[in-house]
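Student: Structure: target_0.txt, compact mmCIF, C-alpha atoms and all ligand atoms.
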```
# COMPACT_ATOMS: atom_id res chain seq x y z
CA MET A 1 101.94 98.99 95.56
CA ILE A 2 99.39 96.97 97.48
CA PRO A 3 101.08 95.22 100.40
CA THR A 4 100.61 91.47 100.43
CA TYR A 5 99.99 89.29 103.44
CA PRO A 6 101.43 85.84 102.81
CA VAL A 7 99.87 82.99 104.68
CA PRO A 8 102.38 82.22 107.47
CA THR A 9 104.16 78.94 106.88
CA GLU A 10 104.79 77.94 110.49
CA PRO A 11 101.85 77.37 112.81
CA ASP A 12 101.15 80.27 115.10
CA THR A 13 102.28 79.25 118.55
CA GLY A 14 100.83 82.32 120.28
CA PRO A 15 97.40 82.57 121.87
CA ARG A 16 94.39 81.93 119.61
CA LEU A 17 93.42 84.79 117.31
CA ARG A 18 90.67 86.99 118.73
CA ILE A 19 88.33 87.98 115.91
CA GLY A 20 85.37 90.27 116.60
CA VAL A 21 82.09 90.12 114.71
CA LEU A 22 80.06 93.33 114.62
CA ALA A 23 76.80 92.17 116.16
CA SER A 24 74.58 95.24 115.70
CA GLN A 25 72.38 93.45 113.17
CA GLY A 26 72.61 90.75 110.52
CA ASP A 27 74.32 87.45 110.05
CA PHE A 28 76.88 87.64 112.86
CA ALA A 29 76.29 84.30 114.60
CA THR A 30 77.08 82.29 111.47
CA HIS A 31 80.39 84.14 110.99
CA ALA A 32 81.23 83.45 114.63
CA ARG A 33 80.71 79.71 114.10
CA VAL A 34 82.99 79.65 111.03
CA LEU A 35 85.74 81.56 112.87
CA GLU A 36 85.52 79.21 115.87
CA SER A 37 85.66 76.19 113.55
CA LEU A 38 88.96 77.56 112.19
CA GLY A 39 90.39 77.89 115.70
CA ALA A 40 89.79 81.58 116.46
CA VAL A 41 88.10 82.98 119.53
CA SER A 42 85.17 84.97 118.18
CA LEU A 43 83.69 87.86 120.12
CA GLU A 44 80.50 89.81 119.50
CA VAL A 45 81.19 93.54 119.17
CA ARG A 46 78.56 96.15 120.00
CA ARG A 47 80.57 98.82 121.83
CA PRO A 48 83.82 100.67 120.99
CA ASP A 49 85.73 99.18 123.95
CA GLU A 50 84.98 95.68 122.64
CA LEU A 51 87.28 96.38 119.69
CA VAL A 52 90.33 96.84 121.90
CA GLY A 53 92.83 94.00 121.58
CA LEU A 54 91.10 92.27 118.66
CA ASP A 55 93.28 90.76 115.94
CA GLY A 56 90.57 91.16 113.28
CA LEU A 57 86.95 92.16 112.75
CA VAL A 58 84.08 90.93 110.56
CA ILE A 59 81.31 93.31 109.50
CA PRO A 60 78.57 90.92 108.39
CA GLY A 61 75.77 91.11 105.85
CA GLY A 62 72.33 92.29 106.83
CA GLU A 63 70.83 95.67 106.07
CA SER A 64 73.43 98.34 105.42
CA THR A 65 71.26 101.30 106.50
CA THR A 66 70.50 99.60 109.83
CA ILE A 67 74.12 98.58 110.41
CA GLY A 68 75.35 102.08 109.45
CA LYS A 69 72.89 103.71 111.89
CA ALA A 70 73.91 101.32 114.67
CA ILE A 71 77.59 102.14 114.08
CA GLU A 72 76.75 105.83 114.41
CA ARG A 73 74.45 105.37 117.41
CA ASP A 74 77.00 103.25 119.28
CA GLY A 75 79.95 105.50 118.43
CA LEU A 76 81.78 102.63 116.70
CA GLY A 77 83.07 104.52 113.64
CA ASP A 78 86.23 105.94 115.22
CA ALA A 79 87.03 102.65 116.94
CA ILE A 80 86.69 100.73 113.66
CA ARG A 81 88.89 103.26 111.84
CA ALA A 82 91.47 103.08 114.65
CA HIS A 83 91.49 99.26 114.37
CA VAL A 84 92.38 99.53 110.65
CA GLU A 85 94.87 102.36 111.21
CA ALA A 86 96.65 100.15 113.75
CA GLY A 87 97.17 97.66 110.89
CA ARG A 88 94.52 95.11 111.89
CA PRO A 89 92.31 93.51 109.25
CA ILE A 90 88.60 93.72 108.56
CA LEU A 91 86.37 91.47 106.48
CA GLY A 92 83.18 93.17 105.28
CA THR A 93 80.59 91.01 103.55
CA CYS A 94 77.57 92.19 101.53
CA ALA A 95 76.02 94.98 103.67
CA GLY A 96 79.41 95.01 105.44
CA MET A 97 81.04 95.85 102.10
CA ILE A 98 78.68 98.81 101.74
CA VAL A 99 79.34 100.25 105.21
CA CYS A 100 83.12 100.16 104.62
CA ASP A 101 82.97 102.12 101.36
CA ARG A 102 83.95 105.71 100.63
CA GLU A 103 80.45 107.05 101.38
CA HIS A 104 80.18 105.35 104.78
CA LEU A 105 83.17 104.48 107.02
CA GLY A 106 85.61 105.46 104.26
CA LEU A 107 87.90 102.46 104.83
CA VAL A 108 88.41 101.84 101.11
CA ASP A 109 88.57 104.13 98.09
CA ALA A 110 85.57 102.50 96.41
CA ILE A 111 81.83 102.89 96.11
CA ALA A 112 79.61 99.86 96.64
CA LEU A 113 76.28 100.01 94.82
CA ARG A 114 73.39 98.61 96.87
CA ASN A 115 71.17 95.93 95.33
CA ALA A 116 73.30 96.26 92.20
CA PHE A 117 72.02 93.03 90.63
CA GLY A 118 68.47 94.43 90.76
CA ARG A 119 65.95 94.26 93.57
CA GLN A 120 64.13 91.37 91.93
CA ILE A 121 67.18 89.15 92.00
CA ALA A 122 66.90 88.24 95.64
CA SER A 123 69.52 85.57 95.63
CA PHE A 124 71.72 83.46 93.38
CA GLU A 125 74.91 81.46 93.52
CA ALA A 126 77.96 81.58 91.28
CA GLU A 127 81.35 79.91 91.02
CA LEU A 128 84.04 82.54 91.38
CA GLU A 129 87.76 82.49 90.99
CA MET A 130 89.14 84.71 93.71
CA SER A 131 92.77 85.66 94.02
CA GLY A 132 94.20 84.87 97.40
CA LEU A 133 92.18 81.65 97.68
CA GLY A 134 94.13 79.42 95.31
CA PRO A 135 93.01 78.08 91.92
CA GLU A 136 89.87 76.27 93.11
CA PRO A 137 86.78 78.47 92.50
CA ILE A 138 84.59 79.37 95.46
CA ARG A 139 80.81 78.84 95.48
CA ALA A 140 79.54 82.34 96.27
CA VAL A 141 76.05 83.03 97.63
CA PHE A 142 74.73 86.48 96.65
CA ILE A 143 71.69 87.89 98.49
CA ARG A 144 70.49 91.31 97.28
CA ALA A 145 74.17 91.96 96.85
CA PRO A 146 76.12 95.09 95.99
CA TRP A 147 79.00 95.33 93.55
CA ILE A 148 81.83 97.85 93.40
CA GLY A 149 80.74 100.64 91.07
CA GLU A 150 83.99 102.58 91.06
CA HIS A 151 87.29 102.41 92.86
CA GLY A 152 90.71 104.04 93.07
CA SER A 153 94.04 102.54 92.07
CA GLU A 154 94.85 101.41 95.63
CA VAL A 155 91.99 98.93 95.47
CA GLU A 156 92.92 95.45 94.30
CA VAL A 157 90.10 93.53 92.61
CA LEU A 158 90.16 89.90 93.80
CA ALA A 159 87.07 88.62 91.98
CA SER A 160 84.54 89.90 89.46
CA LEU A 161 81.23 88.80 88.03
CA GLY A 162 81.18 89.99 84.44
CA ASP A 163 82.76 93.43 84.61
CA HIS A 164 81.73 94.04 88.18
CA PRO A 165 84.16 93.65 91.08
CA VAL A 166 82.57 91.56 93.85
CA ALA A 167 85.63 90.99 96.05
CA VAL A 168 88.29 93.64 96.67
CA ARG A 169 91.07 94.45 99.06
CA GLN A 170 92.74 97.68 100.03
CA GLY A 171 95.49 97.12 102.59
CA GLN A 172 93.93 95.53 105.64
CA VAL A 173 90.35 95.75 104.38
CA LEU A 174 88.93 92.73 102.57
CA LEU A 175 85.42 93.10 101.16
CA CYS A 176 83.15 90.65 99.38
CA ALA A 177 79.67 91.13 98.00
CA PHE A 178 78.67 87.54 98.74
CA HIS A 179 78.14 85.57 101.96
CA PRO A 180 81.18 83.36 102.63
CA GLU A 181 79.64 82.19 105.93
CA LEU A 182 76.79 80.37 104.16
CA THR A 183 78.75 77.54 102.55
CA ASP A 184 81.18 75.11 104.09
CA ASP A 185 84.09 76.62 102.15
CA SER A 186 85.84 78.69 104.82
CA ARG A 187 88.71 80.05 102.72
CA VAL A 188 87.62 83.71 102.93
CA HIS A 189 87.59 83.55 106.74
CA ALA A 190 90.93 81.70 106.60
CA LEU A 191 92.33 84.56 104.50
CA LEU A 192 91.14 87.07 107.12
CA MET A 193 92.81 84.97 109.81
CA ALA A 194 96.06 84.79 107.81
CA MET A 195 95.98 88.59 107.52
CA ALA A 196 95.30 88.80 111.29
CA THR A 197 98.22 86.48 112.09
CA ALA A 198 100.55 88.54 109.89
CA ALA A 199 99.27 91.75 111.50
CA ARG A 200 99.79 90.37 115.00
CA ARG A 201 103.41 89.48 114.17
CA ARG A 202 104.07 92.81 112.49
CA ILE A 203 102.61 94.80 115.40
CA ALA A 204 104.54 92.70 117.96
CA SER A 205 107.82 93.25 116.13
CA GLU A 206 107.11 96.98 115.80
CA GLU A 207 106.48 97.10 119.55
CA ARG A 208 109.76 95.29 120.20
CA GLY A 209 111.51 97.79 117.88
CA THR A 210 110.01 100.73 119.77
CA ARG A 211 111.11 99.30 123.12
CA ILE A 212 114.70 98.85 121.89
CA ALA A 213 114.86 102.32 120.31
N1 LIG B 301 70.76 94.65 100.15
C1 LIG B 301 71.30 94.80 101.46
C2 LIG B 301 71.67 96.25 101.73
O1 LIG B 301 71.78 97.00 100.83
C3 LIG B 301 72.51 93.92 101.69
C4 LIG B 301 72.07 92.48 101.68
C5 LIG B 301 72.96 91.55 102.42
O2 LIG B 301 73.80 91.95 103.23
N2 LIG B 301 72.74 90.29 102.16
O3 LIG B 301 71.88 96.63 102.82
```
Once more with this new file: its structure as structure tokens, please.
Ligand code: GLN
Tutor:
Amino acid sequence: MIPTYPVPTEPDTGPRLRIGVLASQGDFATHARVLESLGAVSLEVRRPDELVGLDGLVIPGGESTTIGKAIERDGLGDAIRAHVEAGRPILGTCAGMIVCDREHLGLVDAIALRNAFGRQIASFEAELEMSGLGPEPIRAVFIRAPWIGEHGSEVEVLASLGDHPVAVRQGQVLLCAFHPELTDDSRVHALLMAMATAARRRIASEERGTRIA
């Protein structure tokens, strides 16, 4: 069973969510602006210690080989895995989807195929229905995008183009092949923030439970 993360019904009265954006390379500044517009504090992440205390993390699009090498060079892999193991969410978009897959950080049981739409198809847009975002389709911008070539049963497909999954979730890891930061529809970032709010509450209540025990 895939756990679900309902959007909290009461407003969060705690401090603003702190969402990191991996800033090694790629489209990080645009993600930061969307997160801030939704009320989060967004922080650029380049070092492992900058992941401590974050409620969520975005791994942006860009060039997956470059981002993967930067993660290795900066020793970020273990810190990113620890963030997910602690129950905190990640949104990986486009190249970020690739670096989270089974052959890279191993955060999801899926393989993302690079440039899956063909190298010649630099960029296109499509209307997608995506579960978790409500019935209204989202305008999705694809730029030399991957799709999910294969995945295990733990992976929930949230949106597909033809037969190809282009948005998936496994537990705390939400991945999309398109660039949700490039339109003014911020529902994908809002979903990440809802997951982060739920995670913050869950972790706080677990900590309370541990203190009582
Ligand atoms: N094609 C790029 C790669 O494979 C991803 C493109 C993107 O993130 N927009 O790394």
Student: Report as a Markdown table the residues of chain A within 6 Å of ligand LIG 301 (chain B), each with its shortest atom pair and distance in Å (one decimal), using only C-alpha atoms and all ligand atoms, ordered by chain and increasing residue number.
Tutor:
```
| residue | atom | partner | partner_atom | distance |
| --- | --- | --- | --- | --- |
| A:Gly61 | CA | B:LIG301 | O2 | 3.4 |
| A:Gly62 | CA | B:LIG301 | O2 | 3.9 |
| A:Glu63 | CA | B:LIG301 | O3 | 3.5 |
| A:Ser64 | CA | B:LIG301 | O3 | 3.5 |
| A:Thr65 | CA | B:LIG301 | O3 | 6.0 |
| A:Cys94 | CA | B:LIG301 | O2 | 4.1 |
| A:Ala95 | CA | B:LIG301 | O2 | 3.8 |
| A:Arg114 | CA | B:LIG301 | O1 | 4.6 |
| A:Asn115 | CA | B:LIG301 | N1 | 5.0 |
| A:Ile143 | CA | B:LIG301 | N2 | 4.5 |
| A:Arg144 | CA | B:LIG301 | N1 | 4.4 |
| A:Ala145 | CA | B:LIG301 | C4 | 5.3 |
```
Student: With distances taken over only C-alpha atoms, which residue among A:Arg18, A:Arg33, A:Arg73, A:His179 lies nearest Leu51 (chain A)?
Tutor: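 For Leu51 (chain A), the nearest of the candidates is A:Arg18.
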Student: Could you list as a PDB file with C-alpha atoms, keeping the file's coordinate frame every residue that has an atom within 12 Å of (68.8, 93.3, 90.1), using the file's coordinates and counting all atoms listed in the file?
Tutor:
```pdb
ATOM      1  CA  LEU A 113      76.280 100.010  94.820  1.00  0.00           C
ATOM      2  CA  ARG A 114      73.390  98.610  96.870  1.00  0.00           C
ATOM      3  CA  ASN A 115      71.170  95.930  95.330  1.00  0.00           C
ATOM      4  CA  ALA A 116      73.300  96.260  92.200  1.00  0.00           C
ATOM      5  CA  PHE A 117      72.020  93.030  90.630  1.00  0.00           C
ATOM      6  CA  GLY A 118      68.470  94.430  90.760  1.00  0.00           C
ATOM      7  CA  ARG A 119      65.950  94.260  93.570  1.00  0.00           C
ATOM      8  CA  GLN A 120      64.130  91.370  91.930  1.00  0.00           C
ATOM      9  CA  ILE A 121      67.180  89.150  92.000  1.00  0.00           C
ATOM     10  CA  ALA A 122      66.900  88.240  95.640  1.00  0.00           C
ATOM     11  CA  SER A 123      69.520  85.570  95.630  1.00  0.00           C
ATOM     12  CA  PHE A 124      71.720  83.460  93.380  1.00  0.00           C
ATOM     13  CA  PHE A 142      74.730  86.480  96.650  1.00  0.00           C
ATOM     14  CA  ILE A 143      71.690  87.890  98.490  1.00  0.00           C
ATOM     15  CA  ARG A 144      70.490  91.310  97.280  1.00  0.00           C
ATOM     16  CA  ALA A 145      74.170  91.960  96.850  1.00  0.00           C
ATOM     17  CA  PRO A 146      76.120  95.090  95.990  1.00  0.00           C
ATOM     18  CA  TRP A 147      79.000  95.330  93.550  1.00  0.00           C
TER      19      TRP A 147
END
```
Student: Could you give me, as a Markdown table, every region 107-129 of chain A residue with an atom at most 10 Å from region 163-171 of chain A, plus its closest atom pair and distance in Å to one decimal, counting only C-alpha atoms, rows ordered by chain then number?
Tutor:
```
| residue | atom | partner | partner_atom | distance |
| --- | --- | --- | --- | --- |
| A:Leu107 | CA | A:Gln170 | CA | 8.3 |
| A:Val108 | CA | A:Gln170 | CA | 6.1 |
| A:Asp109 | CA | A:Gln170 | CA | 7.9 |
| A:Ala110 | CA | A:Val168 | CA | 9.3 |
| A:Ala112 | CA | A:Val166 | CA | 9.2 |
| A:Ala116 | CA | A:His164 | CA | 9.6 |
| A:Leu128 | CA | A:Val166 | CA | 9.5 |
```
Student: What would the list of residues within 9 Å of (84.6, 84.4, 122.8) (file frame) look like as a list in words, if only C-alpha atoms are what count?
Tutor: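 Using only C-alpha atoms, the matching residues come out as Arg18, Ile19, Gly20, Ala32, Glu36, Ala40, Val41, Ser42, Leu43 and Glu44 of chain A.
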